[in-house]
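Dropping coords-v3.pdb in here (PDB, C-alpha atoms):
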```pdb
ATOM      1  CA  MET D   8      14.515  14.134  14.871
ATOM      2  CA  PHE D   9      17.446  11.715  14.661
ATOM      3  CA  VAL D  10      15.091   8.767  14.044
ATOM      4  CA  ILE D  11      13.397  10.566  11.126
ATOM      5  CA  LEU D  12      16.759  11.428   9.553
ATOM      6  CA  PHE D  13      18.004   7.855  10.044
ATOM      7  CA  PHE D  14      15.021   6.376   8.186
ATOM      8  CA  LEU D  15      15.124   9.087   5.530
ATOM      9  CA  PHE D  16      18.809   8.421   4.783
ATOM     10  CA  SER D  17      18.896   4.786   5.884
ATOM     11  CA  PRO D  18      21.756   2.697   4.508
ATOM     12  CA  PHE D  19      19.551  -0.422   4.552
ATOM     13  CA  ARG D  20      17.259  -1.730   1.809
ATOM     14  CA  ILE D  21      15.040  -4.761   2.239
ATOM     15  CA  ILE D  22      14.126  -6.822  -0.816
ATOM     16  CA  GLY D  23      11.098  -9.056  -0.239
ATOM     17  CA  ALA D  24      10.362 -12.577  -1.416
ATOM     18  CA  GLY D  25       9.831 -12.752  -5.177
ATOM     19  CA  GLU D  26      11.511  -9.405  -5.754
ATOM     20  CA  ARG D  27      14.885  -8.151  -6.951
ATOM     21  CA  GLY D  28      16.528  -4.778  -6.477
ATOM     22  CA  VAL D  29      17.848  -2.812  -9.439
ATOM     23  CA  VAL D  30      20.674  -0.633  -8.135
ATOM     24  CA  LEU D  31      21.088   2.900  -9.468
ATOM     25  CA  VAL D  32      24.072   5.011  -8.421
ATOM     26  CA  TRP D  33      23.462   8.669  -9.226
ATOM     27  CA  GLY D  34      20.795   7.461 -11.689
ATOM     28  CA  GLU D  35      23.025   4.976 -13.552
ATOM     29  CA  VAL D  36      21.896   1.332 -13.607
ATOM     30  CA  GLN D  37      24.549  -0.911 -12.092
ATOM     31  CA  ASP D  38      25.443  -4.495 -13.032
ATOM     32  CA  ARG D  39      24.695  -5.607  -9.470
ATOM     33  CA  ILE D  40      21.211  -6.964  -8.633
ATOM     34  CA  LEU D  41      20.036  -7.250  -5.040
ATOM     35  CA  ASP D  42      18.492 -10.593  -4.089
ATOM     36  CA  GLU D  43      15.931 -11.137  -1.354
ATOM     37  CA  GLY D  44      17.000  -9.948   2.078
ATOM     38  CA  MET D  45      18.565  -6.906   3.744
ATOM     39  CA  HIS D  46      21.320  -4.981   1.975
ATOM     40  CA  LEU D  47      23.622  -2.120   2.868
ATOM     41  CA  VAL D  48      23.689   0.715   0.336
ATOM     42  CA  THR D  49      25.205   4.179   0.222
ATOM     43  CA  PRO D  50      22.518   6.690   1.244
ATOM     44  CA  ILE D  51      21.665   9.565  -1.131
ATOM     45  CA  ALA D  52      23.898   8.309  -3.991
ATOM     46  CA  THR D  53      22.242   4.899  -4.316
ATOM     47  CA  LYS D  54      18.643   4.275  -5.215
ATOM     48  CA  VAL D  55      17.170   0.769  -5.277
ATOM     49  CA  ILE D  56      14.210   0.014  -7.540
ATOM     50  CA  VAL D  57      12.298  -3.033  -6.295
ATOM     51  CA  VAL D  58      11.101  -5.197  -9.202
ATOM     52  CA  ASN D  59       8.585  -8.042  -8.926
ATOM     53  CA  VAL D  60       9.930 -11.283 -10.447
ATOM     54  CA  LYS D  61       6.927 -13.438  -9.490
ATOM     55  CA  THR D  62       4.585 -14.797 -12.146
ATOM     56  CA  LEU D  63       2.222 -12.075 -13.358
ATOM     57  CA  LYS D  64      -0.895 -12.315 -15.507
ATOM     58  CA  GLU D  65      -1.755 -10.093 -18.454
ATOM     59  CA  GLU D  66      -5.113 -10.288 -20.243
ATOM     60  CA  VAL D  67      -5.357  -8.614 -23.631
ATOM     61  CA  GLU D  68      -8.078  -8.376 -26.240
ATOM     62  CA  ALA D  69      -6.719  -8.683 -29.753
ATOM     63  CA  SER D  70      -8.497  -8.217 -33.040
ATOM     64  CA  ALA D  71      -7.227  -9.901 -36.185
ATOM     65  CA  ALA D  72      -8.316 -11.263 -39.550
ATOM     66  CA  SER D  73      -8.396 -14.992 -40.211
ATOM     67  CA  LYS D  74      -7.113 -16.652 -43.379
ATOM     68  CA  ASP D  75     -10.639 -16.463 -44.838
ATOM     69  CA  LEU D  76     -10.772 -12.733 -43.918
ATOM     70  CA  GLN D  77     -13.168 -13.097 -40.996
ATOM     71  CA  THR D  78     -12.725 -10.587 -38.181
ATOM     72  CA  VAL D  79     -11.730 -12.444 -35.018
ATOM     73  CA  THR D  80     -11.594 -10.861 -31.591
ATOM     74  CA  SER D  81      -9.623 -12.905 -29.081
ATOM     75  CA  LYS D  82      -9.102 -12.585 -25.372
ATOM     76  CA  ILE D  83      -5.639 -13.865 -24.484
ATOM     77  CA  ALA D  84      -4.321 -14.510 -20.971
ATOM     78  CA  VAL D  85      -0.544 -14.664 -20.586
ATOM     79  CA  ASN D  86       1.380 -15.690 -17.472
ATOM     80  CA  TYR D  87       4.879 -14.242 -17.531
ATOM     81  CA  ARG D  88       7.744 -13.314 -15.256
ATOM     82  CA  LEU D  89      10.886 -11.266 -15.545
ATOM     83  CA  ASP D  90      14.247 -13.040 -15.671
ATOM     84  CA  SER D  91      15.525 -12.374 -12.144
ATOM     85  CA  GLN D  92      19.157 -12.324 -13.323
ATOM     86  CA  LYS D  93      18.511  -9.688 -16.008
ATOM     87  CA  VAL D  94      16.081  -7.202 -14.404
ATOM     88  CA  ASN D  95      18.787  -4.540 -14.412
ATOM     89  CA  THR D  96      19.278  -4.918 -18.179
ATOM     90  CA  LEU D  97      15.511  -4.766 -18.756
ATOM     91  CA  TRP D  98      15.334  -1.634 -16.595
ATOM     92  CA  ARG D  99      18.260  -0.063 -18.491
ATOM     93  CA  GLU D 100      16.952  -0.888 -21.992
ATOM     94  CA  VAL D 101      13.168  -0.608 -21.568
ATOM     95  CA  GLY D 102      12.385   0.988 -18.201
ATOM     96  CA  LYS D 103       9.469   0.575 -15.862
ATOM     97  CA  ASN D 104       6.817   0.594 -18.619
ATOM     98  CA  TYR D 105       7.945  -2.717 -20.122
ATOM     99  CA  LYS D 106       4.379  -4.077 -20.066
ATOM    100  CA  GLU D 107       2.955  -1.283 -22.204
ATOM    101  CA  SER D 108       5.959  -0.867 -24.481
ATOM    102  CA  VAL D 109       6.999  -4.508 -24.997
ATOM    103  CA  ILE D 110       4.551  -7.147 -23.740
ATOM    104  CA  ASP D 111       1.207  -5.765 -24.971
ATOM    105  CA  PRO D 112       2.414  -5.020 -28.532
ATOM    106  CA  ALA D 113       4.121  -8.443 -28.728
ATOM    107  CA  ILE D 114       0.881 -10.187 -27.735
ATOM    108  CA  GLN D 115      -1.089  -8.221 -30.338
ATOM    109  CA  GLU D 116       1.437  -8.955 -33.095
ATOM    110  CA  SER D 117       1.691 -12.663 -32.217
ATOM    111  CA  VAL D 118      -2.089 -13.118 -32.237
ATOM    112  CA  LYS D 119      -2.425 -11.322 -35.590
ATOM    113  CA  ALA D 120       0.414 -13.317 -37.179
ATOM    114  CA  ILE D 121      -0.928 -16.722 -36.114
ATOM    115  CA  THR D 122      -4.639 -15.962 -36.615
ATOM    116  CA  ALA D 123      -3.922 -15.040 -40.245
ATOM    117  CA  GLN D 124      -2.644 -18.594 -40.866
ATOM    118  CA  TYR D 125      -5.989 -20.264 -40.055
ATOM    119  CA  THR D 126      -9.552 -20.024 -41.309
ATOM    120  CA  ALA D 127     -12.219 -19.078 -38.775
ATOM    121  CA  GLU D 128     -13.369 -22.696 -38.588
ATOM    122  CA  GLN D 129      -9.792 -23.937 -38.060
ATOM    123  CA  LEU D 130      -9.305 -21.460 -35.215
ATOM    124  CA  ILE D 131     -12.062 -23.285 -33.366
ATOM    125  CA  THR D 132     -11.252 -26.854 -34.378
ATOM    126  CA  HIS D 133      -7.454 -26.481 -33.942
ATOM    127  CA  ARG D 134      -7.573 -24.263 -30.864
ATOM    128  CA  GLU D 135      -4.753 -26.085 -29.036
ATOM    129  CA  LYS D 136      -2.416 -25.830 -32.036
ATOM    130  CA  VAL D 137      -3.283 -22.136 -32.474
ATOM    131  CA  ARG D 138      -2.605 -21.514 -28.775
ATOM    132  CA  GLU D 139       0.760 -23.281 -28.953
ATOM    133  CA  ASN D 140       1.805 -21.353 -32.086
ATOM    134  CA  ILE D 141       0.878 -18.020 -30.487
ATOM    135  CA  LYS D 142       2.870 -18.988 -27.371
ATOM    136  CA  ILE D 143       5.956 -19.930 -29.426
ATOM    137  CA  THR D 144       5.776 -16.700 -31.432
ATOM    138  CA  LEU D 145       5.319 -14.616 -28.297
ATOM    139  CA  LYS D 146       8.258 -16.317 -26.554
ATOM    140  CA  GLU D 147      10.504 -15.508 -29.522
ATOM    141  CA  LYS D 148       9.467 -11.846 -29.410
ATOM    142  CA  LEU D 149      10.033 -11.443 -25.657
ATOM    143  CA  VAL D 150      13.270 -13.414 -25.143
ATOM    144  CA  PRO D 151      15.445 -10.396 -26.138
ATOM    145  CA  TYR D 152      13.795  -8.420 -23.319
ATOM    146  CA  TYR D 153      14.392 -11.109 -20.659
ATOM    147  CA  ILE D 154      10.684 -11.775 -20.229
ATOM    148  CA  VAL D 155       9.785 -15.436 -19.722
ATOM    149  CA  ILE D 156       6.403 -16.716 -20.921
ATOM    150  CA  GLU D 157       5.157 -19.465 -18.639
ATOM    151  CA  ALA D 158       1.657 -20.026 -20.007
ATOM    152  CA  LEU D 159      -0.703 -18.664 -22.628
ATOM    153  CA  ASN D 160      -4.429 -19.322 -22.829
ATOM    154  CA  ILE D 161      -7.029 -18.337 -25.357
ATOM    155  CA  VAL D 162      -9.878 -17.259 -23.114
ATOM    156  CA  ASN D 163     -12.280 -16.551 -25.954
ATOM    157  CA  PHE D 164     -12.655 -16.311 -29.727
ATOM    158  CA  ASP D 165     -15.412 -14.024 -30.956
ATOM    159  CA  PHE D 166     -16.388 -13.635 -34.596
ATOM    160  CA  SER D 167     -18.327 -10.982 -36.473
ATOM    161  CA  PRO D 168     -22.148 -11.070 -36.169
ATOM    162  CA  GLN D 169     -22.444 -11.994 -39.875
ATOM    163  CA  PHE D 170     -20.152 -14.984 -39.435
ATOM    164  CA  ASN D 171     -21.979 -16.124 -36.290
ATOM    165  CA  SER D 172     -25.270 -15.866 -38.171
ATOM    166  CA  ALA D 173     -23.881 -17.898 -41.087
ATOM    167  CA  ILE D 174     -22.702 -20.632 -38.687
ATOM    168  CA  GLU D 175     -26.101 -20.710 -37.000
ATOM    169  CA  THR D 176     -27.843 -21.007 -40.382
ATOM    170  CA  LYS D 177     -25.476 -23.807 -41.433
ATOM    171  CA  VAL D 178     -26.033 -25.779 -38.204
ATOM    172  CA  THR D 179     -29.782 -25.347 -38.453
ATOM    173  CA  ALA D 180     -29.764 -26.555 -42.062
ATOM    174  CA  GLU D 181     -27.682 -29.618 -41.094
ATOM    175  CA  GLN D 182     -30.057 -30.458 -38.238
ATOM    176  CA  ASN D 183     -33.097 -30.090 -40.516
ATOM    177  CA  ALA D 184     -31.455 -32.369 -43.093
ATOM    178  CA  LEU D 185     -31.060 -35.073 -40.438
TER
END
```
When written as structure tokens, how does the structure in this file appear?
Amino acid sequence: MFVILFFLFSPFRIIGAGERGVVLVWGEVQDRILDEGMHLVTPIATKVIVVNVKTLKEEVEASAASKDLQTVTSKIAVNYRLDSQKVNTLWREVGKNYKESVIDPAIQESVKAITAQYTAEQLITHREKVRENIKITLKEKLVPYYIVIEALNIVNFDFSPQFNSAIETKVTAEQNAL
């Protein structure tokens, strides 16, 4: 019985590699962040939320209109991590659903904003520049939330069936002309 009570009200918290502990005392987020290792905490009054600060991957499909009003569906892969020195502030201001409430909308908005600056053809021919502009825009949107963007990749661009058909017709005509 004593062993069960000890583990239930244990004064020790272990924070693993690549994690940080957000300390809550009676539900209030504290300024203190627990680093990796074993820590002594006050049982019952103190709760420790373990937060992953390793690099994570998020894949999102985004639909937008190009400069020439073509519908473009993109698949974007983003590698990000949380700022290990500010996880308590993120937890206080946004909470545990930061991915759904901050990251996903920021990706969608960044893709729409940058896609609208290029024609459908330019999206393909200037893919690296488009990728870099989306990454810069996304970084600017997520810096206030202490989310660090490490990499962004455009996995795929997909255009409307009408546009794909028009491109196929154009390529066929050019090949026939040769």
Write out as a list in words which residues come within 9 Å of Val60 (chain D) when counting all atoms listed in the file, dropping same-chain ones fewer than 2 positions away.
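The residues satisfying every condition are Gly25, Glu26, Arg27, Val58, Thr62, Leu63, Arg88, Leu89, Asp90, Ser91 and Val94 of chain D.
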Separation of CA of Phe166 (chain D) and CA of Gln115 (chain D), in Å?
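Answer for the CA of Phe166 (chain D) to CA of Gln115 (chain D) separation: 16.8 Å.
Here CA of Thr122 (chain D) is placed at a distance of 22.3 Å from CA of Lys106 (chain D).
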Around (18.0, -0.9, -17.7) in the file's frame, which residues reach within 12 Å when counting all atoms listed in the file? Return as a ChimeraX atom specification?
/D:28-31,34-40,56,58,93-105,152-153
Per-axis box centre and lengths in Å around region 34-47 of chain D, 4 Å margin per side, axis-aligned, as JSON:
```
{"center_x": 20.7, "center_y": -1.8, "center_z": -4.9, "size_x": 17.5, "size_y": 26.6, "size_z": 25.4}
```
Pull out every residue that the PyMOL selection byres ((chain D and resi 113) around 12) matches in the shown coordinates and put them as a PyMOL selection string.
chain D and resi 65+67+69+83+85+105-112+114-120+141-152+154+156
Grab the residues selected above and save them as a JSON list (two decimals), in the coordinates of the input with C-alpha atoms.
```json
[["chain", "number", "residue", "atom", "x", "y", "z"],
["D", 65, "GLU", "CA", -1.76, -10.09, -18.45],
["D", 67, "VAL", "CA", -5.36, -8.61, -23.63],
["D", 69, "ALA", "CA", -6.72, -8.68, -29.75],
["D", 83, "ILE", "CA", -5.64, -13.86, -24.48],
["D", 85, "VAL", "CA", -0.54, -14.66, -20.59],
["D", 105, "TYR", "CA", 7.94, -2.72, -20.12],
["D", 106, "LYS", "CA", 4.38, -4.08, -20.07],
["D", 107, "GLU", "CA", 2.96, -1.28, -22.20],
["D", 108, "SER", "CA", 5.96, -0.87, -24.48],
["D", 109, "VAL", "CA", 7.00, -4.51, -25.00],
["D", 110, "ILE", "CA", 4.55, -7.15, -23.74],
["D", 111, "ASP", "CA", 1.21, -5.76, -24.97],
["D", 112, "PRO", "CA", 2.41, -5.02, -28.53],
["D", 114, "ILE", "CA", 0.88, -10.19, -27.74],
["D", 115, "GLN", "CA", -1.09, -8.22, -30.34],
["D", 116, "GLU", "CA", 1.44, -8.96, -33.10],
["D", 117, "SER", "CA", 1.69, -12.66, -32.22],
["D", 118, "VAL", "CA", -2.09, -13.12, -32.24],
["D", 119, "LYS", "CA", -2.42, -11.32, -35.59],
["D", 120, "ALA", "CA", 0.41, -13.32, -37.18],
["D", 141, "ILE", "CA", 0.88, -18.02, -30.49],
["D", 142, "LYS", "CA", 2.87, -18.99, -27.37],
["D", 143, "ILE", "CA", 5.96, -19.93, -29.43],
["D", 144, "THR", "CA", 5.78, -16.70, -31.43],
["D", 145, "LEU", "CA", 5.32, -14.62, -28.30],
["D", 146, "LYS", "CA", 8.26, -16.32, -26.55],
["D", 147, "GLU", "CA", 10.50, -15.51, -29.52],
["D", 148, "LYS", "CA", 9.47, -11.85, -29.41],
["D", 149, "LEU", "CA", 10.03, -11.44, -25.66],
["D", 150, "VAL", "CA", 13.27, -13.41, -25.14],
["D", 151, "PRO", "CA", 15.44, -10.40, -26.14],
["D", 152, "TYR", "CA", 13.80, -8.42, -23.32],
["D", 154, "ILE", "CA", 10.68, -11.78, -20.23],
["D", 156, "ILE", "CA", 6.40, -16.72, -20.92]]
```
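Minimum distance to Ala24 (chain D) across D:Gln124, D:Asn171, D:Asn163, D:Asn59 (counting all atoms listed in the file) occurs at D:Asn59.
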Quick check, in Å to one decimal: how far apart do CA of Val57 (chain D) and CA of Tyr87 (chain D) lie?
17.5 Å
Which of D:Lys74, D:Asn183, D:Ala158, D:Phe19 sits closest to Ile51 (chain D) [using all atoms listed in the file]
D:Phe19
List the neighbours of Asp75 (chain D) out to 12 Å using only C-alpha atoms; skip same-chain residues closer than 5 positions along the sequence, and give me the result as a PyMOL selection string.
chain D and resi 122-130+170
Take the PyMOL selection byres ((chain D and resi 78) around 6), apply it to the structure above, and return the hits as a JSON list (two decimals) with C-alpha atoms, in the coordinates of the input.
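The resulting selection_38.json:
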```json
[["chain", "number", "residue", "atom", "x", "y", "z"],
["D", 71, "ALA", "CA", -7.23, -9.90, -36.18],
["D", 72, "ALA", "CA", -8.32, -11.26, -39.55],
["D", 77, "GLN", "CA", -13.17, -13.10, -41.00],
["D", 79, "VAL", "CA", -11.73, -12.44, -35.02],
["D", 166, "PHE", "CA", -16.39, -13.64, -34.60],
["D", 167, "SER", "CA", -18.33, -10.98, -36.47]]
```
